[in-house]
Amino acid sequence: MSLKFGIFVPQGWKMDLNEIADPIEQFEAMTAVAKAADAGPWDSIWVYDHFHTVPEPTHETTFESWTISATLARDTQRVNVGQMVNCNGYRNPALFAKIASTVDVASHGRLYAGYGAGWYEHEWKAYGYGYPETKERMARFKEGVQIIHKMWTEDAPTFSGKYYSIDEPINEPKSARPGRKVPLWIGGGGEKVTLRLVAQYADACNVGRGDPEIIRNKIEILKQHCENEGRNYDEITKSTEFYFYPITEGEDPVAKSATLRKHMNDQSYEHFANDITVATKEQILDRIGKSVEAGIDYAIIYLPGVAYNHDILHWFEEEIIASFS
């Protein structure tokens with residue numbers, strides 16, 4: 001099986017639309033990247049579920065994940081549309097299930113519904129969600145996964161937990177086609193709770209952020225959970241994220257990224273390179289290849305600056321994706 005690729009579209013969260021002043025033009029720039037990916041070899045496009053920018057909250061644009069998932073689904077024809085990942089604390093899980101079912105139909109069955117426990121404390125508090133301790137966030141997440149699974153697979157689901165309950169909610173249609181469950185992608189590498197939930201309920205996981213050693217460790221733990229749960233490990237897609245800024249051999253990365261970093265709230269090169277892997281073609285191929293050896297079969301790519309110039313997108317298609325075909 002060849003490696004599949006997805007790409008994050010620029011939605012503002014990483015201050016990747018700042019160069020564009022008008023919000024309508026920002027939205028159209030995001031959509032243009034999605035359409036370009038739709039015309040290429042990418043399997044999917046992805047968005048984040050965040051309300052405030054990183055590395056620090058600013059008043060710059062950040063578009064909301066489900067709204068743009070629905071609109072991008074209608075503006076594309078072929079690529080799958082996913083979120084990496086929706087935060088359990090931002091929406092009641094039963095509502096999440098209903099929204100996802102609707103977007104799956106809107107996309108004609110091209111939705112990858114991403115789900116996680118959430119971590120951005122500033123966002124949680126700013127929007128009035130509080131910020132429970134990790135133990136409670138994970139307990140809520142676990143109940144949420146169970147409710148979502150029931151909403152997608154049962155006609156009269158019930159659940160009574162410590163934090164959430166449902167009493168036979170009607171969720172029709174459950175997905176784009178009868179008998180088909182919306183694919184659930186769970187993000188996070190928690191070894192006791194998250195990866196076990198992947199083995200029990202998920203169609204895909206996202207672990208390691210491109211680090212082969214972390215990936216290898218998490219994959220082995222997932223295999224053990226699958227064995228314990230009687231789940232076929234091979235049914236689960238194993239994905240990771242890569243954040244790449246390509247340069248040529250001998251090129252000065254500080255000078256090359258200067259204009260882009262200026263538009264990203266005047267980021268220093270050190271801060272930029274701490275989040276984004278600045279690398280040559282050979283280094284990118286090596287990094288992805290080692291992650292594949294560690295157990296990954298799906299790579300989700302973030303390319304800074306793609307909102308303003310699609311050349312980096314096409315370069316990646318021709319120089320990197322083609323190498324794994």
# chains A, B, ... in the order shown; residues from 1 in each chain; ligands from 1

$ residues_around --residues "Ile221 in chain A" --least-positions-apart "4" --cutoff "7 Å" --atoms "only C-alpha atoms" --output "list in words"
Glu191, Asn217 and His225 of chain A

$ residues_around --residues "Tyr129 in chain A" --least-positions-apart "3" --cutoff "12 Å" --atoms "only C-alpha atoms" --output "list in words"
Cys87, Asn88, Gly89, Tyr90, Arg91, Asn92, Gly118, Trp119, Tyr120, Glu121, His122, Glu123, Trp124, Lys125, Ala126, Pro132 and Arg137 of chain A

$ write_last_selection --atoms "C-alpha atoms" --output "CSV table (one decimal), in the first residue's frame"
chain,number,residue,atom,x,y,z
A,87,CYS,CA,-11.9,19.4,20.6
A,88,ASN,CA,-14.3,17.5,22.7
A,89,GLY,CA,-14.7,20.4,25.1
A,90,TYR,CA,-15.9,22.8,22.4
A,91,ARG,CA,-19.1,20.9,21.5
A,92,ASN,CA,-21.4,18.4,23.2
A,118,GLY,CA,-8.1,19.4,23.6
A,119,TRP,CA,-5.2,21.4,25.1
A,120,TYR,CA,-5.3,25.1,24.3
A,121,GLU,CA,-6.0,26.5,27.7
A,122,HIS,CA,-6.3,30.1,26.7
A,123,GLU,CA,-9.0,29.3,24.2
A,124,TRP,CA,-11.0,27.1,26.6
A,125,LYS,CA,-11.2,29.9,29.2
A,126,ALA,CA,-11.8,32.7,26.7
A,132,PRO,CA,-10.6,20.9,33.6
A,137,ARG,CA,-10.6,16.2,30.2

$ atom_distance --atom1 "CA of Val278 in chain A" --atom2 "CA of Gly210 in chain A"
13.5 Å

$ closest_residue --among "A:Ala139, A:Asp286, A:Ala202, A:Tyr245" --to "Phe272 in chain A" --atoms "only C-alpha atoms"
A:Tyr245
